[in-house]
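What follows is the content of input-v6.cif (mmCIF, C-alpha atoms).
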data_structure
loop_
_atom_site.label_atom_id
_atom_site.label_comp_id
_atom_site.auth_asym_id
_atom_site.auth_seq_id
_atom_site.Cartn_x
_atom_site.Cartn_y
_atom_site.Cartn_z
CA MET A 1 0.00 0.00 0.00
CA GLY A 2 2.86 2.35 0.81
CA GLU A 3 4.38 1.93 -2.65
CA LEU A 4 1.02 2.67 -4.26
CA LEU A 5 0.60 5.88 -2.27
CA ILE A 6 4.12 6.99 -3.14
CA LYS A 7 3.35 6.41 -6.84
CA ILE A 8 0.14 8.44 -6.58
CA PHE A 9 1.32 11.33 -4.40
CA GLY A 10 5.11 11.27 -4.79
CA ASP A 11 6.53 13.20 -1.85
CA HIS A 12 3.35 15.29 -1.38
CA SER A 13 2.53 13.93 2.05
CA ILE A 14 0.46 17.02 2.90
CA LEU A 15 -1.87 16.46 -0.05
CA ALA A 16 -2.18 12.77 0.82
CA THR A 17 -3.03 13.63 4.42
CA VAL A 18 -5.69 16.21 3.49
CA LEU A 19 -7.39 14.01 0.89
CA THR A 20 -7.29 10.90 3.08
CA ALA A 21 -8.86 12.82 5.95
CA MET A 22 -11.82 13.63 3.68
CA LEU A 23 -12.64 9.96 3.09
CA PRO A 24 -15.49 8.28 5.03
CA LEU A 25 -14.42 5.84 7.76
CA ILE A 26 -10.71 6.70 7.42
CA GLU A 27 -11.00 10.45 8.11
CA LEU A 28 -8.40 12.10 10.34
CA LYS A 29 -8.07 8.99 12.52
CA GLY A 30 -6.28 7.31 9.64
CA ALA A 31 -4.87 10.44 8.00
CA ILE A 32 -2.70 11.46 10.97
CA PRO A 33 -0.79 8.13 11.17
CA LEU A 34 -0.54 8.22 7.38
CA GLY A 35 0.97 11.71 7.37
CA VAL A 36 3.69 10.82 9.89
CA SER A 37 4.39 7.39 8.41
CA SER A 38 8.02 6.54 7.74
CA MET A 39 7.15 5.52 4.16
CA TRP A 40 7.33 9.23 3.20
CA GLY A 41 10.99 9.39 4.20
CA ALA A 42 12.18 13.00 4.48
CA ALA A 43 8.74 14.21 3.37
CA ALA A 44 7.02 12.72 6.43
CA LEU A 45 5.11 15.24 8.53
CA THR A 46 5.58 15.88 12.20
CA THR A 47 2.74 14.68 14.42
CA TRP A 48 1.16 18.08 14.85
CA GLN A 49 1.62 19.05 11.20
CA ALA A 50 -0.28 15.89 10.30
CA PHE A 51 -2.90 16.79 12.91
CA TRP A 52 -3.60 20.24 11.47
CA TRP A 53 -3.67 19.12 7.84
CA ALA A 54 -5.89 16.13 8.69
CA LEU A 55 -8.19 18.37 10.72
CA LEU A 56 -8.46 20.74 7.75
CA GLY A 57 -9.33 17.94 5.33
CA SER A 58 -11.90 16.26 7.54
CA SER A 59 -13.48 19.56 8.62
CA MET A 60 -14.07 20.62 5.01
CA VAL A 61 -16.45 17.68 4.68
CA VAL A 62 -18.76 18.85 7.48
CA PRO A 63 -20.55 21.82 5.83
CA LEU A 64 -20.87 19.88 2.58
CA VAL A 65 -22.58 16.91 4.28
CA ALA A 66 -24.64 19.25 6.48
CA LEU A 67 -26.02 21.00 3.39
CA LEU A 68 -26.60 17.98 1.17
CA PHE A 69 -27.56 15.10 3.45
CA ARG A 70 -31.10 16.19 4.38
CA PRO A 71 -32.41 16.86 0.84
CA ILE A 72 -30.74 13.70 -0.51
CA TYR A 73 -32.09 11.65 2.41
CA ASN A 74 -35.62 12.99 1.94
CA TRP A 75 -35.47 12.27 -1.80
CA VAL A 76 -34.21 8.68 -1.62
CA LYS A 77 -35.79 7.35 1.58
CA ASP A 78 -39.09 6.47 -0.15
CA LYS A 79 -37.47 4.86 -3.17
CA LYS A 80 -37.03 1.14 -2.60
CA PHE A 81 -33.60 0.66 -4.20
CA PHE A 82 -32.04 3.76 -2.67
CA LYS A 83 -33.79 3.16 0.66
CA THR A 84 -31.87 -0.12 1.01
CA ILE A 85 -28.59 1.71 0.48
CA VAL A 86 -29.55 4.52 2.87
CA ASP A 87 -30.64 2.05 5.57
CA PHE A 88 -27.32 0.23 5.19
CA LEU A 89 -25.23 3.41 5.43
CA VAL A 90 -27.06 5.45 8.08
CA GLY A 91 -29.71 3.10 9.49
CA ASP A 92 -27.88 2.68 12.80
CA VAL A 93 -27.36 6.44 13.08
CA ALA A 94 -31.05 7.06 12.41
CA LYS A 95 -32.02 4.59 15.13
CA ARG A 96 -29.70 6.31 17.62
CA SER A 97 -31.26 9.69 16.83
CA ASP A 98 -34.81 8.30 17.17
CA LYS A 99 -33.91 6.67 20.49
CA LEU A 100 -32.41 9.89 21.82
CA LYS A 101 -35.47 11.87 20.71
CA ALA A 102 -37.77 9.38 22.47
CA GLU A 103 -35.74 9.55 25.68
CA ASN A 104 -35.84 13.35 25.65
CA GLN A 105 -39.59 13.81 25.20
CA THR A 106 -40.10 14.49 28.90
CA GLN A 107 -37.10 16.84 29.20
CA SER A 108 -37.09 20.62 28.93
CA VAL A 109 -36.28 22.22 25.55
CA ARG A 110 -32.97 23.64 26.75
CA ARG A 111 -31.92 20.34 28.31
CA ILE A 112 -32.83 18.45 25.14
CA PHE A 113 -30.78 20.90 23.07
CA TRP A 114 -27.63 20.42 25.17
CA LEU A 115 -28.11 16.66 25.34
CA LYS A 116 -28.21 16.54 21.55
CA ILE A 117 -25.01 18.60 21.32
CA ALA A 118 -23.27 16.41 23.90
CA ALA A 119 -24.36 13.23 22.11
CA VAL A 120 -23.02 14.45 18.74
CA PHE A 121 -19.78 15.79 20.25
CA LEU A 122 -18.98 12.54 22.08
CA PHE A 123 -20.02 10.43 19.10
CA VAL A 124 -17.53 12.23 16.83
CA ALA A 125 -14.77 12.52 19.43
CA PHE A 126 -14.57 8.76 20.05
CA PRO A 127 -11.59 7.60 17.92
CA VAL A 128 -12.92 4.42 16.31
CA PRO A 129 -14.04 3.65 12.73
CA GLY A 130 -17.60 4.72 11.96
CA THR A 131 -17.92 7.59 14.45
CA GLY A 132 -16.31 10.44 12.52
CA VAL A 133 -17.49 13.61 10.81
CA TRP A 134 -19.54 11.88 8.12
CA THR A 135 -21.78 9.83 10.41
CA GLY A 136 -21.61 12.48 13.14
CA THR A 137 -22.96 15.15 10.79
CA CYS A 138 -25.75 12.82 9.62
CA PHE A 139 -26.54 12.05 13.27
CA ALA A 140 -26.76 15.76 14.09
CA ILE A 141 -29.06 16.44 11.12
CA LEU A 142 -31.40 13.62 12.10
CA LEU A 143 -31.53 15.10 15.61
CA GLY A 144 -32.78 18.36 14.10
CA LEU A 145 -29.82 20.62 14.93
CA ASN A 146 -29.29 23.65 12.70
CA PHE A 147 -26.42 24.09 10.23
CA TRP A 148 -24.09 26.24 12.34
CA ILE A 149 -24.57 24.20 15.51
CA ILE A 150 -23.84 21.04 13.52
CA CYS A 151 -20.64 22.46 12.03
CA MET A 152 -19.38 23.79 15.38
CA THR A 153 -20.21 20.64 17.37
CA VAL A 154 -18.88 18.15 14.83
CA ILE A 155 -15.65 20.08 14.20
CA LEU A 156 -15.00 20.43 17.94
CA GLY A 157 -15.59 16.71 18.47
CA ASN A 158 -13.36 15.98 15.50
CA THR A 159 -10.64 18.20 16.98
CA LEU A 160 -10.68 16.27 20.26
CA CYS A 161 -10.53 12.99 18.32
CA GLY A 162 -7.53 14.31 16.38
CA VAL A 163 -5.77 15.40 19.57
CA ILE A 164 -6.17 11.89 21.01
CA VAL A 165 -4.81 10.25 17.86
CA ALA A 166 -1.95 12.76 17.55
CA PHE A 167 -1.04 12.28 21.21
CA VAL A 168 -0.78 8.51 20.73
CA CYS A 169 1.38 9.00 17.62
CA GLN A 170 3.57 11.49 19.50
CA VAL A 171 4.09 9.21 22.49
CA PHE A 172 4.58 6.03 20.45
CA PRO A 173 6.22 7.18 17.18
CA GLN A 174 7.92 3.82 16.64
CA ILE A 175 4.57 2.04 16.15
CA THR A 176 2.82 4.66 14.00
CA ASP A 177 2.93 2.46 10.89
CA ILE A 178 1.55 -0.44 12.91
CA LEU A 179 -1.25 1.77 14.24
CA LEU A 180 -2.17 2.72 10.68
CA ILE A 181 -2.34 -0.93 9.63
CA ILE A 182 -4.39 -1.85 12.71
CA PHE A 183 -6.80 1.01 12.00
CA LEU A 184 -7.27 -0.09 8.38
CA ILE A 185 -7.90 -3.67 9.54
CA LEU A 186 -10.50 -2.38 12.02
CA ILE A 187 -12.23 -0.50 9.21
CA LEU A 188 -12.33 -3.66 7.10
CA LEU A 189 -13.71 -5.69 10.01
CA ALA A 190 -16.30 -3.00 10.74
CA ILE A 191 -17.49 -3.06 7.10
CA ILE A 192 -17.69 -6.86 7.09
CA ALA A 193 -19.58 -6.88 10.40
CA LYS A 194 -22.03 -4.25 9.15
CA VAL A 195 -22.67 -6.19 5.93
CA VAL A 196 -23.24 -9.45 7.85
CA LEU A 197 -25.56 -7.81 10.37
CA HIS A 198 -27.48 -6.08 7.60
CA VAL A 199 -28.00 -9.37 5.74
CA LEU A 200 -29.08 -11.16 8.93
CA LYS A 201 -31.49 -8.34 9.74
CA LYS A 202 -33.05 -8.58 6.28
CA ARG A 203 -33.40 -12.36 6.54
CA ARG A 204 -34.96 -12.08 9.98
CA ALA A 205 -37.43 -9.50 8.70
CA VAL A 206 -38.39 -11.73 5.76
CA THR A 207 -38.82 -14.74 8.08
CA THR A 208 -40.96 -12.73 10.48
CA ASN A 209 -43.21 -11.30 7.78
CA THR A 210 -43.65 -14.55 5.82
CA PRO A 211 -46.38 -16.86 7.22
CA THR A 212 -45.63 -20.58 7.27
CA ILE A 213 -47.52 -23.13 5.16
CA THR A 214 -49.26 -24.46 8.29
CA GLU A 215 -50.46 -20.97 9.22
CA ASN A 216 -51.79 -20.40 5.71
CA THR A 217 -53.63 -23.74 5.73
CA ALA A 218 -55.12 -23.04 9.15
CA THR A 219 -56.32 -19.65 7.96
CA GLU A 220 -57.91 -21.11 4.84
CA ASN A 221 -59.68 -23.84 6.89
CA SER A 222 -61.06 -21.33 9.36
CA VAL A 223 -62.43 -19.26 6.49
CA GLU A 224 -64.13 -22.36 4.99
#
As structure tokens - that is how I would like this structure written.
Amino acid sequence: MGELLIKIFGDHSILATVLTAMLPLIELKGAIPLGVSSMWGAAALTTWQAFWWALLGSSMVVPLVALLFRPIYNWVKDKKFFKTIVDFLVGDVAKRSDKLKAENQTQSVRRIFWLKIAAVFLFVAFPVPGTGVWTGTCFAILLGLNFWIICMTVILGNTLCGVIVAFVCQVFPQITDILLIIFLILILLAIIAKVVLHVLKKRRAVTTNTPTITENTATENSVE
């Protein structure tokens, strides 16, 4: 993988860091270890250089997703083919937002507002695959937060996430490349797990909604 990146970006480690940080799942959690990786040789970034460039790349995604997600979601959610894709990508996030809304029905408006902000901030700040600016922004939109609150909350949570990752890379520079590999493996495992769970969920739904032959026969007999 390192040789491929070198062929694509040459010694432009900054560009590689910024663009990688914009990718879903990888985001700045993968971009910071990438930027400081020894594969860049003399062009490798320092930990905090990688942090700032990765933060820039991942933060640029936030307003774009905040502006486009809601109209796209509203357009595709009632279309069967696209609904399957949307459910696969953001179904879990939508369920979390619905659960939080249900739990907050008895709370005051101000308390609900700050609980939503705290939930989004902590969701984005947690440095694991699947909880970055892409899903965090979608989560905030589904909670009904406005554009500027979404941008501020998600970027702040993303900043804390970046600080955690940069701190680990700073303290353990000798294992940065290993951390990058581990992170990519975790992403792959997360994708596989999501696909498997999605398939099982669909099968369970089909099984639940399909009456057995015995049930059909019993129904027909009772009608006769």
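If you measure from each of A:Ile117, A:Ile181, A:Ile6, A:Val18 to Gln49 (chain A) using only C-alpha atoms, the closest one turns out to be A:Val18.
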| message | From (-9.6, 14.8, 17.6), in the file's coordinates, out to 10 Å: which residues are reached, counting only C-alpha atoms? Answer as a ChimeraX atom specification. | response | /A:28-29,51,54-55,124-127,132,155-167
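Each of A:Val36, A:Leu184, A:Val65, A:Leu45 was checked against Ile141 (chain A) using only C-alpha atoms; the smallest atom-to-atom distance is that of A:Val65.
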| Who sits within 7 Å of Pro33 (chain A), all atoms listed in the file, same chain under 2 positions skipped, as a ChimeraX atom specification | /A:30-31,35-37,169,176-177,180
| field | Selected residue of minimal separation from Trp48 (chain A) among A:Phe183, A:Val61, A:Thr207, A:Gln170, counting only C-alpha atoms | value |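 Of A:Phe183, A:Val61, A:Thr207, A:Gln170, the one nearest Trp48 (chain A), counting only C-alpha atoms, is A:Gln170.
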| said: Taking all atoms listed in the file into account, name the residue in A:Val128, A:Ala16, A:Ala21, A:Met152 that is nearest to Trp40 (chain A). | reply: A:Ala16
| field | Length of the CA of Val206 (chain A) to CA of Ala193 (chain A) vector [Å] | value |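 That distance, rounded to one decimal, is 20.0 Å.
Proximity to Ile191 (chain A) was assessed for A:Leu25, A:Met39, A:Leu68, A:Cys151 counting all atoms listed in the file; the smallest distance is recorded for A:Leu25.
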| task | Please identify all polymer residues within 10 Å of Val62 (chain A), counting all atoms listed in the file, omitting same-chain residues fewer than 3 positions from it, and present them as a list in words. | result | Met22, Gly57, Ser58, Ser59, Val65, Ala66, Leu67, Val133, Trp134, Thr135, Gly136, Thr137, Cys138, Phe147, Ile150, Cys151, Met152, Val154 and Ile155 of chain A
| message | Between CA of Lys116 (chain A) and CA of Thr131 (chain A), what distance in Å does the model show, to one decimal? | response | 15.4 Å
| task | To one decimal in Å, tell me the separation between CA of Phe113 (chain A) and CA of Thr153 (chain A). | result | 12.0 Å
| task | Determine the nearest neighbour of Ile185 (chain A) from the options A:Lys201, A:Ile26, A:Ile14, A:Phe121, counting all atoms listed in the file. | result | A:Ile26
Draw an axis-aligned box tight on the listed atoms of region 126-145 of chain A, then pad every side by 5 Å and write out centre and edge lengths in Å to one decimal as lines of an AutoDock Vina configuration file.
center_x = -22.2
center_y = 12.1
center_z = 14.1
size_x = 31.2
size_y = 27.0
size_z = 21.9
